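Engineer: Structure file query_0.txt (compact mmCIF, N, CA, C and O atoms) is given on the next line.
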# COMPACT_ATOMS: atom_id res chain seq x y z
N ARG A 1 4.58 -24.15 0.13
CA ARG A 1 3.18 -23.98 0.45
C ARG A 1 2.72 -22.63 -0.10
O ARG A 1 3.38 -21.62 0.12
N ILE A 2 1.58 -22.68 -0.74
CA ILE A 2 1.03 -21.46 -1.32
C ILE A 2 -0.44 -21.37 -0.93
O ILE A 2 -1.21 -22.30 -1.16
N ALA A 3 -0.79 -20.24 -0.31
CA ALA A 3 -2.20 -20.00 0.05
C ALA A 3 -2.95 -19.62 -1.22
O ALA A 3 -2.53 -18.73 -1.96
N VAL A 4 -4.06 -20.30 -1.44
CA VAL A 4 -4.82 -20.08 -2.67
C VAL A 4 -6.29 -19.82 -2.31
O VAL A 4 -7.00 -20.72 -1.88
N PRO A 5 -6.74 -18.58 -2.48
CA PRO A 5 -8.16 -18.30 -2.25
C PRO A 5 -9.00 -18.85 -3.38
O PRO A 5 -8.52 -19.03 -4.50
N ALA A 6 -10.25 -19.11 -3.09
CA ALA A 6 -11.19 -19.55 -4.12
C ALA A 6 -11.37 -18.43 -5.14
O ALA A 6 -11.37 -17.25 -4.79
N THR A 7 -11.52 -18.81 -6.38
CA THR A 7 -11.71 -17.82 -7.44
C THR A 7 -12.89 -16.90 -7.14
O THR A 7 -12.85 -15.71 -7.42
N SER A 8 -13.91 -17.44 -6.52
CA SER A 8 -15.11 -16.64 -6.20
C SER A 8 -14.82 -15.52 -5.22
O SER A 8 -15.58 -14.56 -5.13
N GLN A 9 -13.73 -15.61 -4.49
CA GLN A 9 -13.39 -14.57 -3.52
C GLN A 9 -12.47 -13.50 -4.10
O GLN A 9 -12.11 -12.55 -3.40
N LEU A 10 -12.10 -13.61 -5.34
CA LEU A 10 -11.15 -12.67 -5.92
C LEU A 10 -11.79 -11.42 -6.50
O LEU A 10 -11.10 -10.52 -6.95
N GLY A 11 -13.10 -11.37 -6.52
CA GLY A 11 -13.77 -10.19 -7.04
C GLY A 11 -13.93 -10.26 -8.55
O GLY A 11 -13.63 -11.27 -9.19
N ALA A 12 -14.39 -9.16 -9.09
CA ALA A 12 -14.66 -9.10 -10.52
C ALA A 12 -13.35 -9.15 -11.31
O ALA A 12 -12.39 -8.47 -10.97
N MET A 13 -13.36 -9.97 -12.33
CA MET A 13 -12.20 -10.07 -13.22
C MET A 13 -12.68 -10.06 -14.66
O MET A 13 -13.78 -10.51 -14.96
N ASP A 14 -11.83 -9.57 -15.54
CA ASP A 14 -12.15 -9.61 -16.96
C ASP A 14 -12.20 -11.05 -17.45
O ASP A 14 -11.62 -11.96 -16.82
N LYS A 15 -12.85 -11.23 -18.59
CA LYS A 15 -13.00 -12.54 -19.19
C LYS A 15 -11.63 -13.20 -19.37
O LYS A 15 -10.68 -12.56 -19.81
N GLY A 16 -11.54 -14.44 -18.98
CA GLY A 16 -10.31 -15.20 -19.14
C GLY A 16 -9.42 -15.23 -17.92
O GLY A 16 -8.63 -16.17 -17.75
N TRP A 17 -9.52 -14.23 -17.05
CA TRP A 17 -8.63 -14.19 -15.88
C TRP A 17 -8.94 -15.26 -14.84
O TRP A 17 -7.99 -15.84 -14.27
N PRO A 18 -10.21 -15.59 -14.56
CA PRO A 18 -10.44 -16.68 -13.61
C PRO A 18 -9.83 -18.00 -14.09
O PRO A 18 -9.22 -18.73 -13.31
N GLU A 19 -9.94 -18.27 -15.38
CA GLU A 19 -9.36 -19.50 -15.94
C GLU A 19 -7.83 -19.46 -15.87
O GLU A 19 -7.19 -20.47 -15.57
N ALA A 20 -7.26 -18.30 -16.12
CA ALA A 20 -5.80 -18.15 -16.04
C ALA A 20 -5.32 -18.38 -14.61
O ALA A 20 -4.28 -19.01 -14.38
N TYR A 21 -6.09 -17.88 -13.64
CA TYR A 21 -5.75 -18.06 -12.22
C TYR A 21 -5.76 -19.55 -11.87
O TYR A 21 -4.82 -20.07 -11.26
N GLU A 22 -6.83 -20.23 -12.27
CA GLU A 22 -6.94 -21.67 -11.99
C GLU A 22 -5.82 -22.44 -12.68
O GLU A 22 -5.25 -23.37 -12.10
N ALA A 23 -5.49 -22.08 -13.90
CA ALA A 23 -4.42 -22.76 -14.64
C ALA A 23 -3.08 -22.55 -13.94
O ALA A 23 -2.26 -23.48 -13.85
N ALA A 24 -2.84 -21.36 -13.43
CA ALA A 24 -1.58 -21.09 -12.72
C ALA A 24 -1.50 -21.93 -11.45
O ALA A 24 -0.45 -22.49 -11.12
N ALA A 25 -2.61 -22.03 -10.73
CA ALA A 25 -2.63 -22.86 -9.51
C ALA A 25 -2.36 -24.32 -9.86
O ALA A 25 -1.60 -25.01 -9.15
N THR A 26 -2.93 -24.78 -10.94
CA THR A 26 -2.71 -26.16 -11.38
C THR A 26 -1.24 -26.40 -11.73
O THR A 26 -0.65 -27.42 -11.36
N ARG A 27 -0.63 -25.43 -12.42
CA ARG A 27 0.79 -25.56 -12.76
C ARG A 27 1.66 -25.58 -11.51
O ARG A 27 2.62 -26.33 -11.43
N LEU A 28 1.32 -24.76 -10.55
CA LEU A 28 2.10 -24.75 -9.30
C LEU A 28 1.99 -26.10 -8.58
O LEU A 28 2.99 -26.62 -8.09
N ALA A 29 0.79 -26.63 -8.52
CA ALA A 29 0.59 -27.94 -7.88
C ALA A 29 1.35 -29.03 -8.64
O ALA A 29 1.97 -29.90 -8.03
N SER A 30 1.33 -28.96 -9.96
CA SER A 30 2.05 -29.94 -10.78
C SER A 30 3.56 -29.85 -10.56
O SER A 30 4.27 -30.85 -10.71
N ALA A 31 4.03 -28.67 -10.22
CA ALA A 31 5.46 -28.47 -9.99
C ALA A 31 5.86 -28.86 -8.57
O ALA A 31 7.03 -28.75 -8.20
N GLY A 32 4.89 -29.30 -7.77
CA GLY A 32 5.21 -29.77 -6.42
C GLY A 32 4.79 -28.85 -5.30
O GLY A 32 5.02 -29.16 -4.12
N ALA A 33 4.20 -27.72 -5.62
CA ALA A 33 3.76 -26.81 -4.56
C ALA A 33 2.54 -27.39 -3.84
O ALA A 33 1.70 -28.05 -4.46
N GLN A 34 2.49 -27.18 -2.55
CA GLN A 34 1.33 -27.59 -1.77
C GLN A 34 0.37 -26.40 -1.71
O GLN A 34 0.70 -25.36 -1.14
N LEU A 35 -0.79 -26.54 -2.32
CA LEU A 35 -1.77 -25.47 -2.34
C LEU A 35 -2.68 -25.59 -1.13
O LEU A 35 -3.27 -26.65 -0.90
N LEU A 36 -2.77 -24.52 -0.38
CA LEU A 36 -3.60 -24.52 0.82
C LEU A 36 -4.71 -23.49 0.65
O LEU A 36 -4.44 -22.33 0.34
N PRO A 37 -5.97 -23.90 0.83
CA PRO A 37 -7.05 -22.93 0.69
C PRO A 37 -6.98 -21.88 1.79
O PRO A 37 -6.61 -22.17 2.92
N VAL A 38 -7.29 -20.66 1.42
CA VAL A 38 -7.31 -19.57 2.39
C VAL A 38 -8.61 -18.80 2.20
O VAL A 38 -9.07 -18.59 1.08
N ASP A 39 -9.21 -18.42 3.30
CA ASP A 39 -10.44 -17.64 3.27
C ASP A 39 -10.08 -16.16 3.31
O ASP A 39 -9.46 -15.69 4.27
N LEU A 40 -10.47 -15.43 2.28
CA LEU A 40 -10.14 -14.01 2.20
C LEU A 40 -11.12 -13.12 2.97
O LEU A 40 -10.91 -11.91 3.04
N THR A 41 -12.15 -13.69 3.56
CA THR A 41 -13.18 -12.89 4.22
C THR A 41 -12.62 -11.89 5.23
O THR A 41 -13.00 -10.72 5.18
N PRO A 42 -11.72 -12.28 6.13
CA PRO A 42 -11.20 -11.27 7.08
C PRO A 42 -10.49 -10.11 6.38
O PRO A 42 -10.58 -8.97 6.80
N PHE A 43 -9.82 -10.41 5.28
CA PHE A 43 -9.11 -9.37 4.55
C PHE A 43 -10.07 -8.45 3.79
O PHE A 43 -9.88 -7.23 3.77
N THR A 44 -11.09 -9.03 3.18
CA THR A 44 -12.04 -8.19 2.45
C THR A 44 -12.90 -7.37 3.41
O THR A 44 -13.28 -6.24 3.08
N GLU A 45 -13.19 -7.91 4.59
CA GLU A 45 -13.92 -7.13 5.59
C GLU A 45 -13.08 -5.95 6.08
O GLU A 45 -13.59 -4.84 6.25
N ALA A 46 -11.80 -6.17 6.31
CA ALA A 46 -10.91 -5.08 6.73
C ALA A 46 -10.79 -4.04 5.62
O ALA A 46 -10.82 -2.83 5.89
N ALA A 47 -10.68 -4.48 4.39
CA ALA A 47 -10.59 -3.55 3.27
C ALA A 47 -11.86 -2.72 3.16
O ALA A 47 -11.80 -1.51 2.90
N ALA A 48 -13.01 -3.35 3.38
CA ALA A 48 -14.28 -2.61 3.31
C ALA A 48 -14.32 -1.52 4.38
O ALA A 48 -14.78 -0.41 4.13
N MET A 49 -13.80 -1.82 5.58
CA MET A 49 -13.77 -0.80 6.62
C MET A 49 -12.84 0.35 6.23
O MET A 49 -13.13 1.51 6.49
N LEU A 50 -11.72 0.03 5.60
CA LEU A 50 -10.75 1.06 5.23
C LEU A 50 -11.19 1.91 4.06
O LEU A 50 -10.83 3.08 3.97
N TYR A 51 -11.96 1.33 3.14
CA TYR A 51 -12.31 2.05 1.92
C TYR A 51 -13.78 2.42 1.81
O TYR A 51 -14.15 3.23 0.97
N GLU A 52 -14.63 1.82 2.64
CA GLU A 52 -16.06 2.10 2.56
C GLU A 52 -16.64 2.53 3.90
O GLU A 52 -17.79 2.96 3.98
N GLY A 53 -15.87 2.39 4.96
CA GLY A 53 -16.38 2.67 6.29
C GLY A 53 -15.99 4.05 6.80
O GLY A 53 -15.45 4.89 6.07
N ALA A 54 -16.26 4.25 8.04
CA ALA A 54 -16.06 5.56 8.65
C ALA A 54 -14.59 5.95 8.79
O ALA A 54 -14.28 7.12 9.00
N PHE A 55 -13.68 5.01 8.66
CA PHE A 55 -12.27 5.36 8.73
C PHE A 55 -11.85 6.29 7.59
O PHE A 55 -10.86 6.99 7.66
N VAL A 56 -12.63 6.30 6.53
CA VAL A 56 -12.36 7.20 5.41
C VAL A 56 -12.61 8.65 5.83
O VAL A 56 -12.07 9.58 5.25
N ALA A 57 -13.38 8.84 6.88
CA ALA A 57 -13.67 10.20 7.36
C ALA A 57 -12.40 10.94 7.73
O ALA A 57 -12.29 12.15 7.53
N GLU A 58 -11.41 10.24 8.26
CA GLU A 58 -10.14 10.88 8.59
C GLU A 58 -9.49 11.44 7.33
O GLU A 58 -8.97 12.55 7.32
N ARG A 59 -9.56 10.69 6.24
CA ARG A 59 -9.00 11.16 4.98
C ARG A 59 -9.79 12.35 4.45
O ARG A 59 -9.22 13.30 3.93
N TYR A 60 -11.11 12.27 4.60
CA TYR A 60 -11.93 13.39 4.12
C TYR A 60 -11.63 14.65 4.92
O TYR A 60 -11.55 15.74 4.36
N THR A 61 -11.43 14.50 6.22
CA THR A 61 -11.09 15.65 7.06
C THR A 61 -9.77 16.28 6.60
O THR A 61 -9.64 17.50 6.56
N ALA A 62 -8.83 15.45 6.22
CA ALA A 62 -7.52 15.94 5.82
C ALA A 62 -7.53 16.59 4.44
O ALA A 62 -6.89 17.63 4.24
N VAL A 63 -8.24 16.01 3.48
CA VAL A 63 -8.14 16.50 2.10
C VAL A 63 -9.49 16.76 1.43
O VAL A 63 -9.53 17.04 0.23
N GLY A 64 -10.57 16.70 2.18
CA GLY A 64 -11.91 16.88 1.61
C GLY A 64 -12.10 18.15 0.82
O GLY A 64 -12.60 18.11 -0.31
N PRO A 65 -11.72 19.30 1.35
CA PRO A 65 -11.90 20.54 0.58
C PRO A 65 -11.18 20.50 -0.77
O PRO A 65 -11.70 20.98 -1.77
N PHE A 66 -10.01 19.90 -0.80
CA PHE A 66 -9.27 19.77 -2.06
C PHE A 66 -10.01 18.82 -3.02
O PHE A 66 -10.17 19.11 -4.20
N ILE A 67 -10.46 17.69 -2.49
CA ILE A 67 -11.19 16.70 -3.31
C ILE A 67 -12.47 17.31 -3.86
O ILE A 67 -12.83 17.07 -5.02
N ASP A 68 -13.16 18.09 -3.06
CA ASP A 68 -14.43 18.68 -3.49
C ASP A 68 -14.26 19.70 -4.62
O ASP A 68 -15.22 20.00 -5.32
N LYS A 69 -13.05 20.22 -4.82
CA LYS A 69 -12.81 21.14 -5.93
C LYS A 69 -12.83 20.41 -7.28
O LYS A 69 -12.96 21.03 -8.31
N ASP A 70 -12.67 19.08 -7.23
CA ASP A 70 -12.75 18.23 -8.42
C ASP A 70 -11.79 18.68 -9.51
O ASP A 70 -12.16 18.82 -10.68
N THR A 71 -10.55 18.91 -9.15
CA THR A 71 -9.54 19.30 -10.13
C THR A 71 -9.21 18.11 -11.04
O THR A 71 -9.37 16.95 -10.64
N PRO A 72 -8.75 18.37 -12.24
CA PRO A 72 -8.50 17.28 -13.18
C PRO A 72 -7.33 16.36 -12.79
O PRO A 72 -7.19 15.29 -13.35
N ASP A 73 -6.53 16.78 -11.82
CA ASP A 73 -5.39 15.96 -11.40
C ASP A 73 -5.77 14.85 -10.44
O ASP A 73 -4.92 14.02 -10.10
N LEU A 74 -6.99 14.82 -9.99
CA LEU A 74 -7.41 13.81 -9.03
C LEU A 74 -7.55 12.44 -9.67
O LEU A 74 -8.08 12.31 -10.77
N ASP A 75 -7.10 11.43 -8.97
CA ASP A 75 -7.37 10.06 -9.39
C ASP A 75 -8.85 9.80 -9.09
O ASP A 75 -9.28 9.97 -7.94
N PRO A 76 -9.63 9.42 -10.07
CA PRO A 76 -11.07 9.28 -9.85
C PRO A 76 -11.43 8.22 -8.81
O PRO A 76 -12.40 8.38 -8.07
N THR A 77 -10.65 7.16 -8.73
CA THR A 77 -10.93 6.11 -7.76
C THR A 77 -10.68 6.61 -6.35
O THR A 77 -11.52 6.43 -5.45
N VAL A 78 -9.55 7.26 -6.14
CA VAL A 78 -9.21 7.79 -4.81
C VAL A 78 -10.22 8.86 -4.41
O VAL A 78 -10.72 8.87 -3.28
N ALA A 79 -10.56 9.75 -5.32
CA ALA A 79 -11.51 10.81 -5.01
C ALA A 79 -12.88 10.23 -4.64
O ALA A 79 -13.51 10.70 -3.69
N ALA A 80 -13.31 9.21 -5.34
CA ALA A 80 -14.61 8.60 -5.04
C ALA A 80 -14.61 7.96 -3.66
O ALA A 80 -15.59 8.08 -2.92
N ILE A 81 -13.53 7.32 -3.30
CA ILE A 81 -13.43 6.69 -1.97
C ILE A 81 -13.51 7.76 -0.89
O ILE A 81 -14.24 7.62 0.10
N ILE A 82 -12.76 8.82 -1.05
CA ILE A 82 -12.74 9.87 -0.03
C ILE A 82 -14.08 10.60 0.05
O ILE A 82 -14.55 10.93 1.13
N ARG A 83 -14.71 10.83 -1.10
CA ARG A 83 -16.01 11.51 -1.09
C ARG A 83 -17.09 10.71 -0.35
O ARG A 83 -18.04 11.29 0.15
N LEU A 84 -16.95 9.40 -0.29
CA LEU A 84 -17.93 8.58 0.42
C LEU A 84 -18.08 8.99 1.88
O LEU A 84 -19.12 8.80 2.48
N ALA A 85 -17.02 9.54 2.45
CA ALA A 85 -17.02 9.89 3.87
C ALA A 85 -17.69 11.22 4.15
O ALA A 85 -17.97 11.53 5.31
N ARG A 86 -17.98 12.00 3.14
CA ARG A 86 -18.52 13.34 3.34
C ARG A 86 -19.80 13.31 4.17
O ARG A 86 -20.01 14.17 5.02
N ASP A 87 -20.66 12.34 3.96
CA ASP A 87 -21.96 12.32 4.63
C ASP A 87 -22.10 11.24 5.69
O ASP A 87 -23.21 10.93 6.11
N LEU A 88 -20.99 10.67 6.12
CA LEU A 88 -21.06 9.64 7.16
C LEU A 88 -21.29 10.28 8.53
O LEU A 88 -20.61 11.23 8.89
N PRO A 89 -22.22 9.74 9.31
CA PRO A 89 -22.42 10.26 10.66
C PRO A 89 -21.28 9.83 11.58
O PRO A 89 -20.67 8.77 11.38
N ALA A 90 -20.99 10.65 12.56
CA ALA A 90 -19.85 10.40 13.46
C ALA A 90 -19.97 9.07 14.20
O ALA A 90 -18.96 8.42 14.46
N HIS A 91 -21.18 8.64 14.51
CA HIS A 91 -21.32 7.41 15.30
C HIS A 91 -20.81 6.19 14.52
O HIS A 91 -20.44 5.18 15.12
N ARG A 92 -20.75 6.27 13.20
CA ARG A 92 -20.24 5.15 12.41
C ARG A 92 -18.78 4.87 12.70
O ARG A 92 -18.34 3.71 12.67
N LEU A 93 -18.00 5.91 12.99
CA LEU A 93 -16.58 5.71 13.29
C LEU A 93 -16.44 4.80 14.51
O LEU A 93 -15.62 3.89 14.52
N TYR A 94 -17.24 5.03 15.52
CA TYR A 94 -17.15 4.22 16.73
C TYR A 94 -17.64 2.81 16.47
O TYR A 94 -17.09 1.84 17.00
N ALA A 95 -18.64 2.66 15.63
CA ALA A 95 -19.14 1.32 15.30
C ALA A 95 -18.10 0.53 14.50
O ALA A 95 -17.89 -0.65 14.75
N ASP A 96 -17.46 1.20 13.55
CA ASP A 96 -16.44 0.53 12.74
C ASP A 96 -15.21 0.22 13.56
O ASP A 96 -14.58 -0.79 13.41
Taking this structure as input, can you express it in the form of structure tokens?
Structural biologist:
Amino acid sequence: RIAVPATSQLGAMDKGWPEAYEAAATRLASAGAQLLPVDLTPFTEAAAMLYEGAFVAERYTAVGPFIDKDTPDLDPTVAAIIRLARDLPAHRLYAD
């Protein structure tokens, strides 16, 4: 048994990857695997809270001054996620 989310739930992909994903699922089914649809919504909602919500404030508290120096060694994706918490109001943490 293999849980298979809908291609539409996988997020942005480069050209050709959605078709490759579907082809792989088809090959698995042809080989005898039972494909079971899975809804990724609970997982993407949890990810949004971890990377876009007030929980990032804990990370900003820990390393914000370092991130704000914008040294060239920073991973731009990680730095951008942590910087999002700089202006979050405290009440958002309780809501999240």
Engineer: Show me, as an NGL selection string, the residues that have an atom within 8 Å of Arg92 (chain A) when counting all atoms listed in the file, minus same-chain residues fewer than 4 positions from it.
Structural biologist: :A and (53-55 or 88 or 96)
Engineer: Mind dumping the selected residues with N, CA, C and O atoms as a PDB file, in the frame of the given file?
Structural biologist:
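Wrote again.pdb, looks like this:
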ATOM      1  N   GLY A  53     -15.870   2.390   4.960  1.00  0.00           N
ATOM      2  CA  GLY A  53     -16.380   2.670   6.290  1.00  0.00           C
ATOM      3  C   GLY A  53     -15.990   4.050   6.800  1.00  0.00           C
ATOM      4  O   GLY A  53     -15.450   4.890   6.070  1.00  0.00           O
ATOM      5  N   ALA A  54     -16.260   4.250   8.040  1.00  0.00           N
ATOM      6  CA  ALA A  54     -16.060   5.560   8.650  1.00  0.00           C
ATOM      7  C   ALA A  54     -14.590   5.950   8.790  1.00  0.00           C
ATOM      8  O   ALA A  54     -14.280   7.120   9.000  1.00  0.00           O
ATOM      9  N   PHE A  55     -13.680   5.010   8.660  1.00  0.00           N
ATOM     10  CA  PHE A  55     -12.270   5.360   8.730  1.00  0.00           C
ATOM     11  C   PHE A  55     -11.850   6.290   7.590  1.00  0.00           C
ATOM     12  O   PHE A  55     -10.860   6.990   7.660  1.00  0.00           O
ATOM     13  N   LEU A  88     -20.990  10.670   6.120  1.00  0.00           N
ATOM     14  CA  LEU A  88     -21.060   9.640   7.160  1.00  0.00           C
ATOM     15  C   LEU A  88     -21.290  10.280   8.530  1.00  0.00           C
ATOM     16  O   LEU A  88     -20.610  11.230   8.890  1.00  0.00           O
ATOM     17  N   ASP A  96     -17.460   1.200  13.550  1.00  0.00           N
ATOM     18  CA  ASP A  96     -16.440   0.530  12.740  1.00  0.00           C
ATOM     19  C   ASP A  96     -15.210   0.220  13.560  1.00  0.00           C
ATOM     20  O   ASP A  96     -14.580  -0.790  13.410  1.00  0.00           O
TER      21      ASP A  96
END
Engineer: Find, counting only C-alpha atoms, the residue in A:Val63, A:Arg1, A:Met49, A:Ala79 that gets nearest to Ala31 (chain A).
Structural biologist: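 For Ala31 (chain A), the nearest of the given residues is A:Arg1.
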Engineer: So that I can see what lies close to Ala3 (chain A), please list as number ranges by chain the residues with an atom at most 7 Å from it, counting all atoms listed in the file and leaving out residues fewer than 3 positions away in the same chain.
Structural biologist: A: 34-38
Engineer: When distances are computed from all atoms listed in the file, which of A:Pro76, A:Glu19, A:Ile82, A:Pro5 shows the smallest separation from Leu40 (chain A)?
Structural biologist: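 The closest residue to Leu40 (chain A) is A:Pro5.
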Engineer: As a VMD selection string, which residues of region 33-88 of chain A does DSSP assign to strand (DSSP E or B)?
Structural biologist: chain A and resid 35 to 38
Engineer: Dump N, CA, C and O atoms for the selected residues as a tab-separated table (two decimals), keeping the file's coordinate frame?
Structural biologist:
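After the write, part-v2.tsv holds the following:
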chain	number	residue	atom	x	y	z
A	35	LEU	N	-0.79	-26.54	-2.32
A	35	LEU	CA	-1.77	-25.47	-2.34
A	35	LEU	C	-2.68	-25.59	-1.13
A	35	LEU	O	-3.27	-26.65	-0.90
A	36	LEU	N	-2.77	-24.52	-0.38
A	36	LEU	CA	-3.60	-24.52	0.82
A	36	LEU	C	-4.71	-23.49	0.65
A	36	LEU	O	-4.44	-22.33	0.34
A	37	PRO	N	-5.97	-23.90	0.83
A	37	PRO	CA	-7.05	-22.93	0.69
A	37	PRO	C	-6.98	-21.88	1.79
A	37	PRO	O	-6.61	-22.17	2.92
A	38	VAL	N	-7.29	-20.66	1.42
A	38	VAL	CA	-7.31	-19.57	2.39
A	38	VAL	C	-8.61	-18.80	2.20
A	38	VAL	O	-9.07	-18.59	1.08
Engineer: Of the residues A:Ala6, A:Ala62, A:Ala57, A:Leu74, which is the one nearest to His91 (chain A), using only C-alpha atoms?
Structural biologist: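 Among A:Ala6, A:Ala62, A:Ala57, A:Leu74, it is A:Ala57 that comes nearest to His91 (chain A).
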Engineer: With 4 Å on each side, where is the centre of the axis-aligned box around all listed atoms of region 10-21 of chain A, and how long are its edges in Å to one decimal, as lines of an AutoDock Vina configuration file?
Structural biologist:
center_x = -9.5
center_y = -14.5
center_z = -12.6
size_x = 18.4
size_y = 20.0
size_z = 22.5
Engineer: Looking at only N, CA, C and O atoms, which of A:Ile81, A:Ala25, A:Leu50, A:Val56 is the one that sits closest to Val4 (chain A)?
Structural biologist: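 That would be A:Ala25, the residue with the smallest distance to Val4 (chain A).
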Engineer: Find the distance between CA of Thr77 (chain A) and CA of Thr44 (chain A) and write it in Å to one decimal.
Structural biologist: 17.6 Å
Engineer: What gap, in Å, lies between atom C of Val78 (chain A) and atom O of Ala12 (chain A)?
Structural biologist: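 Distance between the two atoms: 18.7 Å.
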Engineer: Kindly give the distance, in Å, that separates CA of Glu52 (chain A) and CA of Lys15 (chain A), rounded to a single decimal.
Structural biologist: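 CA of Lys15 (chain A) lies 26.4 Å from CA of Glu52 (chain A).
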Engineer: Pull the helix (DSSP H, G or I) assignments for region 20-96 of chain A out of DSSP run on the backbone, and list those residues as a PyMOL selection string.
Structural biologist: chain A and resi 20-30+41-52+56-68+76-87+91-95
Engineer: Could you tell me which of A:Ile2, A:Ala20, A:Ala47, A:Ile67 comes closest to Ala33 (chain A) if we count only N, CA, C and O atoms?
Structural biologist: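 Distance minimum relative to Ala33 (chain A) lands on A:Ile2.
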